[in-house]
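Next up, final26.pdb (PDB, C-alpha atoms):
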```pdb
ATOM      1  CA  MET D   1     -28.809 -10.438  36.583
ATOM      2  CA  ASP D   2     -29.072 -11.183  32.838
ATOM      3  CA  ASP D   3     -28.689 -14.919  33.420
ATOM      4  CA  ILE D   4     -31.805 -15.109  35.588
ATOM      5  CA  THR D   5     -34.075 -14.865  32.557
ATOM      6  CA  ALA D   6     -31.891 -16.727  30.048
ATOM      7  CA  GLU D   7     -33.788 -19.992  30.492
ATOM      8  CA  TYR D   8     -34.761 -21.048  26.995
ATOM      9  CA  GLU D   9     -33.906 -20.709  23.342
ATOM     10  CA  VAL D  10     -37.135 -20.378  21.388
ATOM     11  CA  GLN D  11     -35.625 -21.578  18.120
ATOM     12  CA  GLU D  12     -34.744 -24.929  19.728
ATOM     13  CA  LEU D  13     -37.702 -25.580  21.995
ATOM     14  CA  VAL D  14     -40.810 -24.161  20.335
ATOM     15  CA  ASN D  15     -42.219 -26.307  17.526
ATOM     16  CA  PRO D  16     -42.269 -24.382  14.250
ATOM     17  CA  VAL D  17     -45.492 -22.461  13.616
ATOM     18  CA  GLU D  18     -46.417 -21.325  10.126
ATOM     19  CA  LEU D  19     -47.309 -17.684   9.587
ATOM     20  CA  THR D  20     -50.839 -17.768   8.136
ATOM     21  CA  THR D  21     -51.946 -14.220   8.903
ATOM     22  CA  ARG D  22     -49.981 -11.019   8.515
ATOM     23  CA  VAL D  23     -51.007  -8.054  10.656
ATOM     24  CA  GLU D  24     -49.831  -4.544   9.828
ATOM     25  CA  VAL D  25     -49.891  -2.015  12.647
ATOM     26  CA  SER D  26     -49.101   1.609  13.438
ATOM     27  CA  VAL D  27     -47.674   2.336  16.875
ATOM     28  CA  GLY D  28     -47.207   5.409  19.041
ATOM     29  CA  ALA D  29     -45.753   5.710  22.540
ATOM     30  CA  LYS D  30     -45.069   8.456  25.063
ATOM     31  CA  THR D  31     -44.109   8.722  28.740
ATOM     32  CA  ASP D  32     -43.712  11.664  31.107
ATOM     33  CA  MET D  33     -42.633  12.112  34.706
ATOM     34  CA  GLY D  34     -45.665  14.268  35.476
ATOM     35  CA  ARG D  35     -45.883  17.516  37.415
ATOM     36  CA  ILE D  36     -45.498  16.143  40.958
ATOM     37  CA  ARG D  37     -43.032  13.212  40.913
ATOM     38  CA  ASP D  38     -39.271  13.709  40.788
ATOM     39  CA  ASN D  39     -38.599  10.492  38.848
ATOM     40  CA  ASN D  40     -40.423   8.276  36.368
ATOM     41  CA  GLU D  41     -41.343   4.860  37.760
ATOM     42  CA  ASP D  42     -43.207   3.898  34.578
ATOM     43  CA  LYS D  43     -41.515   1.759  31.956
ATOM     44  CA  HIS D  44     -42.777   0.815  28.519
ATOM     45  CA  GLU D  45     -41.362  -1.260  25.687
ATOM     46  CA  PHE D  46     -42.514  -2.917  22.510
ATOM     47  CA  TYR D  47     -40.931  -5.475  20.216
ATOM     48  CA  ILE D  48     -41.938  -6.335  16.640
ATOM     49  CA  PRO D  49     -39.791  -9.162  15.241
ATOM     50  CA  ASP D  50     -38.487  -9.291  11.689
ATOM     51  CA  ASP D  51     -38.151 -13.070  11.799
ATOM     52  CA  GLU D  52     -41.298 -14.704  10.403
ATOM     53  CA  ALA D  53     -40.957 -17.795  12.585
ATOM     54  CA  GLU D  54     -41.001 -15.685  15.729
ATOM     55  CA  LEU D  55     -43.749 -13.483  14.322
ATOM     56  CA  ALA D  56     -45.836 -16.631  13.769
ATOM     57  CA  SER D  57     -45.331 -18.112  17.228
ATOM     58  CA  ARG D  58     -44.928 -15.063  19.488
ATOM     59  CA  GLY D  59     -46.047 -12.086  17.425
ATOM     60  CA  MET D  60     -45.682  -8.503  18.569
ATOM     61  CA  VAL D  61     -45.213  -7.518  22.207
ATOM     62  CA  PHE D  62     -46.283  -4.278  23.921
ATOM     63  CA  VAL D  63     -45.952  -3.780  27.673
ATOM     64  CA  VAL D  64     -46.419  -1.054  30.296
ATOM     65  CA  CYS D  65     -45.259  -1.303  33.918
ATOM     66  CA  ASP D  66     -45.894   1.217  36.705
ATOM     67  CA  GLY D  67     -43.434   0.779  39.560
ATOM     68  CA  MET D  68     -43.864   1.451  43.259
ATOM     69  CA  GLY D  69     -41.634   1.446  46.299
ATOM     70  CA  GLY D  70     -40.070   4.915  46.534
ATOM     71  CA  HIS D  71     -36.408   5.979  46.514
ATOM     72  CA  GLU D  72     -36.144   4.847  42.866
ATOM     73  CA  ALA D  73     -37.058   1.271  43.857
ATOM     74  CA  GLY D  74     -40.237   1.450  41.789
ATOM     75  CA  GLN D  75     -38.244   2.509  38.753
ATOM     76  CA  HIS D  76     -35.973  -0.507  39.137
ATOM     77  CA  ALA D  77     -38.951  -2.831  39.601
ATOM     78  CA  SER D  78     -40.635  -1.673  36.397
ATOM     79  CA  GLU D  79     -37.406  -1.843  34.387
ATOM     80  CA  LEU D  80     -36.557  -5.334  35.649
ATOM     81  CA  SER D  81     -40.105  -6.515  35.023
ATOM     82  CA  VAL D  82     -40.270  -5.288  31.428
ATOM     83  CA  LYS D  83     -36.821  -6.724  30.672
ATOM     84  CA  SER D  84     -37.658 -10.115  32.168
ATOM     85  CA  PHE D  85     -41.140 -10.318  30.654
ATOM     86  CA  ILE D  86     -40.126  -9.718  27.049
ATOM     87  CA  LYS D  87     -37.111 -12.018  27.157
ATOM     88  CA  VAL D  88     -38.866 -14.934  28.844
ATOM     89  CA  TYR D  89     -41.967 -14.562  26.662
ATOM     90  CA  ARG D  90     -39.920 -14.670  23.463
ATOM     91  CA  ASP D  91     -37.824 -17.640  24.614
ATOM     92  CA  HIS D  92     -40.425 -19.700  26.472
ATOM     93  CA  PRO D  93     -41.083 -23.223  25.122
ATOM     94  CA  ALA D  94     -44.875 -23.157  25.611
ATOM     95  CA  GLU D  95     -46.800 -23.920  22.412
ATOM     96  CA  GLN D  96     -49.501 -21.347  23.155
ATOM     97  CA  ALA D  97     -48.603 -17.654  23.287
ATOM     98  CA  GLU D  98     -51.053 -16.969  26.104
ATOM     99  CA  ALA D  99     -49.406 -19.644  28.259
ATOM    100  CA  ALA D 100     -45.987 -18.178  27.464
ATOM    101  CA  GLY D 101     -47.253 -14.719  28.420
ATOM    102  CA  ARG D 102     -48.561 -15.946  31.752
ATOM    103  CA  ALA D 103     -45.287 -17.792  32.437
ATOM    104  CA  ALA D 104     -43.278 -14.676  31.528
ATOM    105  CA  THR D 105     -45.350 -12.597  33.958
ATOM    106  CA  GLU D 106     -44.731 -15.130  36.716
ATOM    107  CA  SER D 107     -41.016 -15.093  35.870
ATOM    108  CA  ALA D 108     -40.956 -11.298  36.129
ATOM    109  CA  ASN D 109     -42.531 -11.619  39.556
ATOM    110  CA  ARG D 110     -39.798 -13.988  40.730
ATOM    111  CA  PHE D 111     -37.063 -11.839  39.210
ATOM    112  CA  VAL D 112     -38.204  -8.623  40.897
ATOM    113  CA  LEU D 113     -38.758 -10.404  44.213
ATOM    114  CA  ASP D 114     -35.307 -12.024  44.098
ATOM    115  CA  VAL D 115     -33.636  -8.664  43.461
ATOM    116  CA  ALA D 116     -35.629  -7.022  46.238
ATOM    117  CA  ARG D 117     -34.534  -9.696  48.687
ATOM    118  CA  ALA D 118     -30.900  -9.464  47.583
ATOM    119  CA  ILE D 119     -30.587  -5.660  47.770
ATOM    120  CA  PRO D 120     -31.824  -4.040  51.000
ATOM    121  CA  SER D 121     -32.531  -0.674  49.364
ATOM    122  CA  ARG D 122     -34.893  -2.385  46.898
ATOM    123  CA  ARG D 123     -37.020  -4.225  49.461
ATOM    124  CA  GLY D 124     -40.701  -3.540  49.125
ATOM    125  CA  MET D 125     -40.475  -2.578  45.469
ATOM    126  CA  GLY D 126     -43.124  -3.785  43.053
ATOM    127  CA  THR D 127     -44.833  -2.916  39.796
ATOM    128  CA  THR D 128     -47.911  -3.385  37.694
ATOM    129  CA  LEU D 129     -47.600  -5.201  34.369
ATOM    130  CA  THR D 130     -49.992  -5.033  31.441
ATOM    131  CA  GLY D 131     -48.914  -6.698  28.222
ATOM    132  CA  LEU D 132     -50.579  -6.857  24.803
ATOM    133  CA  LEU D 133     -49.551  -9.665  22.451
ATOM    134  CA  LEU D 134     -50.594  -9.665  18.779
ATOM    135  CA  VAL D 135     -50.072 -13.160  17.434
ATOM    136  CA  GLN D 136     -51.280 -13.778  13.873
ATOM    137  CA  ASP D 137     -55.012 -12.879  14.014
ATOM    138  CA  GLN D 138     -55.263 -13.082  17.805
ATOM    139  CA  GLY D 139     -54.999 -10.425  20.478
ATOM    140  CA  ILE D 140     -53.918 -11.549  23.942
ATOM    141  CA  PHE D 141     -53.402  -9.681  27.192
ATOM    142  CA  VAL D 142     -51.647 -10.571  30.422
ATOM    143  CA  HIS D 143     -52.296  -8.306  33.371
ATOM    144  CA  VAL D 144     -51.401  -7.653  36.998
ATOM    145  CA  GLY D 145     -52.205  -4.400  38.825
ATOM    146  CA  ASP D 146     -54.047  -1.274  37.711
ATOM    147  CA  SER D 147     -52.402  -0.234  34.465
ATOM    148  CA  ARG D 148     -55.044  -0.658  31.785
ATOM    149  CA  LEU D 149     -55.637  -2.018  28.298
ATOM    150  CA  TYR D 150     -58.445  -0.448  26.273
ATOM    151  CA  ARG D 151     -59.815  -1.340  22.836
ATOM    152  CA  LEU D 152     -61.548   1.104  20.522
ATOM    153  CA  ARG D 153     -63.676  -0.829  18.035
ATOM    154  CA  GLY D 154     -66.497   0.596  15.943
ATOM    155  CA  GLY D 155     -66.342   3.855  17.859
ATOM    156  CA  GLU D 156     -66.875   2.116  21.223
ATOM    157  CA  LEU D 157     -64.135   2.218  23.872
ATOM    158  CA  GLU D 158     -63.915  -0.846  26.120
ATOM    159  CA  GLN D 159     -61.594  -1.503  29.034
ATOM    160  CA  LEU D 160     -60.359  -5.069  28.491
ATOM    161  CA  THR D 161     -58.480  -5.438  31.776
ATOM    162  CA  THR D 162     -59.871  -5.257  35.306
ATOM    163  CA  ASP D 163     -58.084  -3.099  37.890
ATOM    164  CA  HIS D 164     -56.645  -5.052  40.795
ATOM    165  CA  THR D 165     -57.522  -2.394  43.346
ATOM    166  CA  TRP D 166     -59.335  -2.217  46.647
ATOM    167  CA  VAL D 167     -62.037   0.045  45.228
ATOM    168  CA  GLU D 168     -62.648  -2.233  42.221
ATOM    169  CA  GLU D 169     -63.172  -5.197  44.533
ATOM    170  CA  THR D 170     -65.488  -3.089  46.691
ATOM    171  CA  VAL D 171     -67.530  -2.067  43.642
ATOM    172  CA  LYS D 172     -67.846  -5.716  42.583
ATOM    173  CA  LEU D 173     -69.204  -6.566  46.022
ATOM    174  CA  GLY D 174     -71.828  -3.865  45.616
ATOM    175  CA  LEU D 175     -70.529  -1.853  48.555
ATOM    176  CA  MET D 176     -69.549   1.189  46.490
ATOM    177  CA  THR D 177     -70.759   2.761  43.265
ATOM    178  CA  ARG D 178     -68.488   3.307  40.265
ATOM    179  CA  GLU D 179     -68.854   7.065  40.749
ATOM    180  CA  GLU D 180     -67.807   6.794  44.402
ATOM    181  CA  ALA D 181     -64.824   4.635  43.447
ATOM    182  CA  GLU D 182     -63.501   7.240  41.000
ATOM    183  CA  VAL D 183     -63.060   9.827  43.778
ATOM    184  CA  HIS D 184     -62.350   7.549  46.747
ATOM    185  CA  PRO D 185     -59.109   8.375  48.625
ATOM    186  CA  HIS D 186     -58.060   4.701  48.411
ATOM    187  CA  ARG D 187     -58.703   4.349  44.671
ATOM    188  CA  ASN D 188     -54.981   3.800  43.974
ATOM    189  CA  VAL D 189     -54.482   1.037  46.552
ATOM    190  CA  ILE D 190     -53.686  -2.040  44.461
ATOM    191  CA  THR D 191     -54.310  -5.584  45.634
ATOM    192  CA  ARG D 192     -52.100  -7.454  43.156
ATOM    193  CA  SER D 193     -48.645  -6.564  41.841
ATOM    194  CA  ILE D 194     -45.380  -7.938  40.485
ATOM    195  CA  GLY D 195     -42.569  -8.572  42.967
ATOM    196  CA  THR D 196     -44.383  -8.327  46.292
ATOM    197  CA  ALA D 197     -45.235 -11.993  46.981
ATOM    198  CA  ASP D 198     -43.829 -15.421  46.149
ATOM    199  CA  THR D 199     -46.613 -16.072  43.652
ATOM    200  CA  VAL D 200     -48.816 -13.807  41.562
ATOM    201  CA  GLN D 201     -52.259 -14.368  40.041
ATOM    202  CA  VAL D 202     -52.173 -13.348  36.387
ATOM    203  CA  ASP D 203     -55.247 -12.320  34.412
ATOM    204  CA  SER D 204     -55.215 -13.194  30.701
ATOM    205  CA  ASP D 205     -57.611 -13.391  27.770
ATOM    206  CA  SER D 206     -57.615 -13.686  23.972
ATOM    207  CA  TRP D 207     -59.844 -12.525  21.104
ATOM    208  CA  GLN D 208     -59.995 -12.107  17.323
ATOM    209  CA  LEU D 209     -58.371  -8.977  15.924
ATOM    210  CA  GLU D 210     -60.268  -6.778  13.483
ATOM    211  CA  GLU D 211     -58.971  -4.206  11.039
ATOM    212  CA  GLY D 212     -59.378  -0.741  12.517
ATOM    213  CA  ASP D 213     -59.035  -1.858  16.130
ATOM    214  CA  VAL D 214     -57.085   0.605  18.270
ATOM    215  CA  TYR D 215     -55.464  -0.678  21.464
ATOM    216  CA  PHE D 216     -54.378   1.648  24.235
ATOM    217  CA  ILE D 217     -52.187   0.604  27.194
ATOM    218  CA  CYS D 218     -51.691   3.207  29.904
ATOM    219  CA  SER D 219     -50.512   3.711  33.448
ATOM    220  CA  ASP D 220     -53.009   5.162  35.912
ATOM    221  CA  GLY D 221     -51.403   8.575  35.549
ATOM    222  CA  ILE D 222     -53.479   8.916  32.372
ATOM    223  CA  ASN D 223     -56.831   7.328  33.189
ATOM    224  CA  GLY D 224     -56.822   9.181  36.520
ATOM    225  CA  HIS D 225     -56.999  12.494  34.644
ATOM    226  CA  VAL D 226     -58.518  11.733  31.229
ATOM    227  CA  SER D 227     -62.119  10.587  30.766
ATOM    228  CA  ASP D 228     -63.103   7.619  28.616
ATOM    229  CA  GLU D 229     -64.940   9.978  26.272
ATOM    230  CA  VAL D 230     -61.821  12.042  25.631
ATOM    231  CA  MET D 231     -59.720   8.889  25.239
ATOM    232  CA  ALA D 232     -62.096   7.569  22.585
ATOM    233  CA  GLU D 233     -62.088  10.886  20.746
ATOM    234  CA  ARG D 234     -58.287  11.093  20.580
ATOM    235  CA  LEU D 235     -57.789   7.424  19.720
ATOM    236  CA  ALA D 236     -60.290   7.645  16.870
ATOM    237  CA  GLY D 237     -59.343  11.026  15.502
ATOM    238  CA  THR D 238     -55.544  10.997  15.237
ATOM    239  CA  SER D 239     -52.592   8.753  14.426
ATOM    240  CA  PRO D 240     -51.294   6.436  17.179
ATOM    241  CA  SER D 241     -48.223   8.649  17.691
ATOM    242  CA  GLN D 242     -50.303  11.823  17.965
ATOM    243  CA  ALA D 243     -52.846  10.094  20.226
ATOM    244  CA  ALA D 244     -50.136   8.904  22.632
ATOM    245  CA  TRP D 245     -48.674  12.399  22.889
ATOM    246  CA  ASP D 246     -52.094  14.030  23.216
ATOM    247  CA  LEU D 247     -53.269  11.683  25.972
ATOM    248  CA  VAL D 248     -50.107  12.142  28.025
ATOM    249  CA  ASN D 249     -50.296  15.921  27.624
ATOM    250  CA  LEU D 250     -53.973  15.905  28.597
ATOM    251  CA  ALA D 251     -53.053  14.009  31.770
ATOM    252  CA  LEU D 252     -50.461  16.676  32.547
ATOM    253  CA  ASP D 253     -52.965  19.447  31.869
ATOM    254  CA  GLY D 254     -55.403  17.674  34.189
ATOM    255  CA  GLY D 255     -52.986  17.835  37.092
ATOM    256  CA  GLY D 256     -50.116  15.481  36.248
ATOM    257  CA  SER D 257     -50.261  13.936  39.709
ATOM    258  CA  ASP D 258     -48.422  10.786  38.610
ATOM    259  CA  ASN D 259     -46.120   9.472  35.899
ATOM    260  CA  ALA D 260     -48.073   9.095  32.671
ATOM    261  CA  THR D 261     -47.353   6.489  29.981
ATOM    262  CA  ALA D 262     -49.223   5.510  26.805
ATOM    263  CA  ILE D 263     -48.792   2.950  24.042
ATOM    264  CA  VAL D 264     -51.276   3.127  21.163
ATOM    265  CA  VAL D 265     -51.473   0.336  18.562
ATOM    266  CA  ARG D 266     -53.754   0.505  15.517
ATOM    267  CA  ILE D 267     -54.533  -2.576  13.408
ATOM    268  CA  ASP D 268     -54.176  -1.240   9.888
ATOM    269  CA  LYS D 269     -54.461  -4.425   7.815
ATOM    270  CA  ILE D 270     -55.010  -8.156   8.336
ATOM    271  CA  SER D 271     -54.211 -10.407   5.400
ATOM    272  CA  SER D 272     -54.101 -14.163   4.926
ATOM    273  CA  ILE D 273     -50.965 -15.897   3.674
ATOM    274  CA  GLU D 274     -51.176 -18.906   1.407
ATOM    275  CA  PRO D 275     -49.792 -22.042   3.126
ATOM    276  CA  SER D 276     -46.326 -22.984   1.942
ATOM    277  CA  GLY D 277     -46.349 -25.771  -0.613
ATOM    278  CA  SER D 278     -49.915 -25.085  -1.731
TER     279      SER D 278
END
```
Write out the structure in this file as structure tokens.
Amino acid sequence: MDDITAEYEVQELVNPVELTTRVEVSVGAKTDMGRIRDNNEDKHEFYIPDDEAELASRGMVFVVCDGMGGHEAGQHASELSVKSFIKVYRDHPAEQAEAAGRAATESANRFVLDVARAIPSRRGMGTTLTGLLLVQDQGIFVHVGDSRLYRLRGGELEQLTTDHTWVEETVKLGLMTREEAEVHPHRNVITRSIGTADTVQVDSDSWQLEEGDVYFICSDGINGHVSDEVMAERLAGTSPSQAAWDLVNLALDGGGSDNATAIVVRIDKISSIEPSGS
């Protein structure tokens, strides 16, 4: 299966980009099976390149996937999706990182779907995918499903992604309140995922990074048990590593009804680099 994603060589196809901004980060990550499930269908990875050319053009990559499908199929879907996403994103020839991220998400969709069609026991598997890309002084997300990306800035916690769920769509239509959605029995029914259709609609956005920003990617096993207020408190008050562990453990203490995964990224310093030859 490795050859499916080996489509490009970034060093040959992406025009050189000069590193003009250096971003220093602290990172913490934690995952847990939870108190109910007998396997972990979540998968998380991050990659921070040493090579300055790749750091300039593709930056740092952080991704969380939450698989579905039962009988370990969801676990395979999330693992395949993370693997495909990071490789294709790094090697994709698109000039813009956001375009490469969207293409990598679409590639992950095809990869998971192809495997599901080829292996009968994997049919019906799928996964969410939420990726954070830090490229020079820009933050970028790509997103499918109901795993979430939050940003803590100036003490205010904001959810940057929108859940692709039935209840979220119902709230947008004005047919249900936010409070009703949080306790609705169908709140976990997702309307968009990786690997369940021939094509997938990918959400993406970009913004300017600021020193002190804290980014938090999580599977719904955390936000289903931990309030925004508690999230903000932990993200602001501890290191990224401690915050990731605390938030997963709080989800377990709150019931642990699902796998719980957290990646926390803090922007410690942003500095400009003098152009070469100046």
Would you translate the PyMOL selection byres ((chain D and resi 42) around 8) into the concrete set of residues it matches in this file, as number ranges by chain?
-> D: 31, 40-41, 43-44, 64-67, 75, 78, 219, 259-261
Where does the PyMOL selection byres ((chain D and resi 267) around 12) land in this file, that is, which residues does it pick, as a VMD selection string?
-> chain D and resid 22 to 27 60 134 136 to 139 151 to 153 208 to 216 239 to 240 264 to 266 268 to 271
Neighbour residues at most 12 Å from (-66.5, 7.0, 30.2) (all atoms listed in the file) as a PyMOL selection string | chain D and resi 150+156-159+178-179+182+223-233
Apply the PyMOL selection byres ((chain D and resi 108) around 10) to the displayed file and report the matching residues as a count of residues only.
-> 30
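Interatomic distance, atom CA of D:Thr238 to atom CA of D:Asp32: 19.8 Å.
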Between D:Ala99, D:Val61, D:Val17, D:Ala116, single out the one closest to D:Asp198, counting all atoms listed in the file.
-> D:Ala116
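Of the listed residues D:Gly69, D:Pro93, D:Gly101, D:Gly34, the one whose atoms come nearest to D:Phe141 is D:Gly101, with distances taken using all atoms listed in the file.
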Could you name the residues that touch D:Ile263 at 6 Å or less, counting all atoms listed in the file, but leaving out those on the same chain fewer than 5 positions away, as a VMD selection string?
-> chain D and resid 28 to 29 216 to 217
With the input short on atoms, add N, CA and C atoms back to stretch 135-158 of chain D and write it as a PDB file, in the frame of the given file.
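Final file, selection01.pdb:
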```pdb
ATOM      1  N   VAL D 135     -50.632 -11.937  18.002  1.00  0.00           N
ATOM      2  CA  VAL D 135     -50.072 -13.160  17.434  1.00  0.00           C
ATOM      3  C   VAL D 135     -50.981 -13.631  16.295  1.00  0.00           C
ATOM      4  N   GLN D 136     -50.493 -13.484  15.064  1.00  0.00           N
ATOM      5  CA  GLN D 136     -51.280 -13.778  13.873  1.00  0.00           C
ATOM      6  C   GLN D 136     -52.587 -12.974  13.935  1.00  0.00           C
ATOM      7  N   ASP D 137     -53.754 -13.631  13.981  1.00  0.00           N
ATOM      8  CA  ASP D 137     -55.012 -12.879  14.014  1.00  0.00           C
ATOM      9  C   ASP D 137     -55.611 -12.799  15.412  1.00  0.00           C
ATOM     10  N   GLN D 138     -54.790 -13.073  16.422  1.00  0.00           N
ATOM     11  CA  GLN D 138     -55.263 -13.082  17.805  1.00  0.00           C
ATOM     12  C   GLN D 138     -54.650 -11.940  18.609  1.00  0.00           C
ATOM     13  N   GLY D 139     -55.487 -11.330  19.446  1.00  0.00           N
ATOM     14  CA  GLY D 139     -54.999 -10.425  20.478  1.00  0.00           C
ATOM     15  C   GLY D 139     -55.023 -11.152  21.803  1.00  0.00           C
ATOM     16  N   ILE D 140     -54.033 -10.899  22.623  1.00  0.00           N
ATOM     17  CA  ILE D 140     -53.918 -11.549  23.942  1.00  0.00           C
ATOM     18  C   ILE D 140     -53.451 -10.493  24.935  1.00  0.00           C
ATOM     19  N   PHE D 141     -54.011 -10.503  26.150  1.00  0.00           N
ATOM     20  CA  PHE D 141     -53.402  -9.681  27.192  1.00  0.00           C
ATOM     21  C   PHE D 141     -53.016 -10.531  28.384  1.00  0.00           C
ATOM     22  N   VAL D 142     -51.986 -10.080  29.092  1.00  0.00           N
ATOM     23  CA  VAL D 142     -51.647 -10.571  30.422  1.00  0.00           C
ATOM     24  C   VAL D 142     -51.605  -9.345  31.323  1.00  0.00           C
ATOM     25  N   HIS D 143     -52.030  -9.511  32.582  1.00  0.00           N
ATOM     26  CA  HIS D 143     -52.296  -8.306  33.371  1.00  0.00           C
ATOM     27  C   HIS D 143     -52.206  -8.574  34.864  1.00  0.00           C
ATOM     28  N   VAL D 144     -51.460  -7.679  35.536  1.00  0.00           N
ATOM     29  CA  VAL D 144     -51.401  -7.653  36.998  1.00  0.00           C
ATOM     30  C   VAL D 144     -51.356  -6.190  37.418  1.00  0.00           C
ATOM     31  N   GLY D 145     -52.256  -5.767  38.312  1.00  0.00           N
ATOM     32  CA  GLY D 145     -52.205  -4.400  38.825  1.00  0.00           C
ATOM     33  C   GLY D 145     -53.297  -3.518  38.263  1.00  0.00           C
ATOM     34  N   ASP D 146     -53.009  -2.207  38.155  1.00  0.00           N
ATOM     35  CA  ASP D 146     -54.047  -1.274  37.711  1.00  0.00           C
ATOM     36  C   ASP D 146     -53.659  -0.442  36.495  1.00  0.00           C
ATOM     37  N   SER D 147     -52.570  -0.788  35.809  1.00  0.00           N
ATOM     38  CA  SER D 147     -52.402  -0.234  34.465  1.00  0.00           C
ATOM     39  C   SER D 147     -53.476  -0.872  33.595  1.00  0.00           C
ATOM     40  N   ARG D 148     -53.860  -0.212  32.521  1.00  0.00           N
ATOM     41  CA  ARG D 148     -55.044  -0.658  31.785  1.00  0.00           C
ATOM     42  C   ARG D 148     -54.774  -0.911  30.308  1.00  0.00           C
ATOM     43  N   LEU D 149     -55.575  -1.809  29.740  1.00  0.00           N
ATOM     44  CA  LEU D 149     -55.637  -2.018  28.298  1.00  0.00           C
ATOM     45  C   LEU D 149     -57.060  -1.708  27.838  1.00  0.00           C
ATOM     46  N   TYR D 150     -57.166  -0.791  26.879  1.00  0.00           N
ATOM     47  CA  TYR D 150     -58.445  -0.448  26.273  1.00  0.00           C
ATOM     48  C   TYR D 150     -58.439  -0.883  24.813  1.00  0.00           C
ATOM     49  N   ARG D 151     -59.659  -1.104  24.278  1.00  0.00           N
ATOM     50  CA  ARG D 151     -59.815  -1.340  22.836  1.00  0.00           C
ATOM     51  C   ARG D 151     -60.896  -0.406  22.308  1.00  0.00           C
ATOM     52  N   LEU D 152     -60.563   0.304  21.244  1.00  0.00           N
ATOM     53  CA  LEU D 152     -61.548   1.104  20.522  1.00  0.00           C
ATOM     54  C   LEU D 152     -61.934   0.333  19.264  1.00  0.00           C
ATOM     55  N   ARG D 153     -63.188  -0.055  19.180  1.00  0.00           N
ATOM     56  CA  ARG D 153     -63.676  -0.829  18.035  1.00  0.00           C
ATOM     57  C   ARG D 153     -65.056  -0.299  17.652  1.00  0.00           C
ATOM     58  N   GLY D 154     -65.216   0.087  16.386  1.00  0.00           N
ATOM     59  CA  GLY D 154     -66.497   0.596  15.943  1.00  0.00           C
ATOM     60  C   GLY D 154     -66.956   1.821  16.709  1.00  0.00           C
ATOM     61  N   GLY D 155     -66.008   2.637  17.131  1.00  0.00           N
ATOM     62  CA  GLY D 155     -66.342   3.855  17.859  1.00  0.00           C
ATOM     63  C   GLY D 155     -66.609   3.660  19.330  1.00  0.00           C
ATOM     64  N   GLU D 156     -66.603   2.403  19.812  1.00  0.00           N
ATOM     65  CA  GLU D 156     -66.875   2.116  21.223  1.00  0.00           C
ATOM     66  C   GLU D 156     -65.572   1.782  21.951  1.00  0.00           C
ATOM     67  N   LEU D 157     -65.323   2.475  23.072  1.00  0.00           N
ATOM     68  CA  LEU D 157     -64.135   2.218  23.872  1.00  0.00           C
ATOM     69  C   LEU D 157     -64.482   1.247  24.991  1.00  0.00           C
ATOM     70  N   GLU D 158     -63.685   0.173  25.100  1.00  0.00           N
ATOM     71  CA  GLU D 158     -63.915  -0.846  26.120  1.00  0.00           C
ATOM     72  C   GLU D 158     -62.629  -1.098  26.898  1.00  0.00           C
TER      73      GLU D 158
END
```
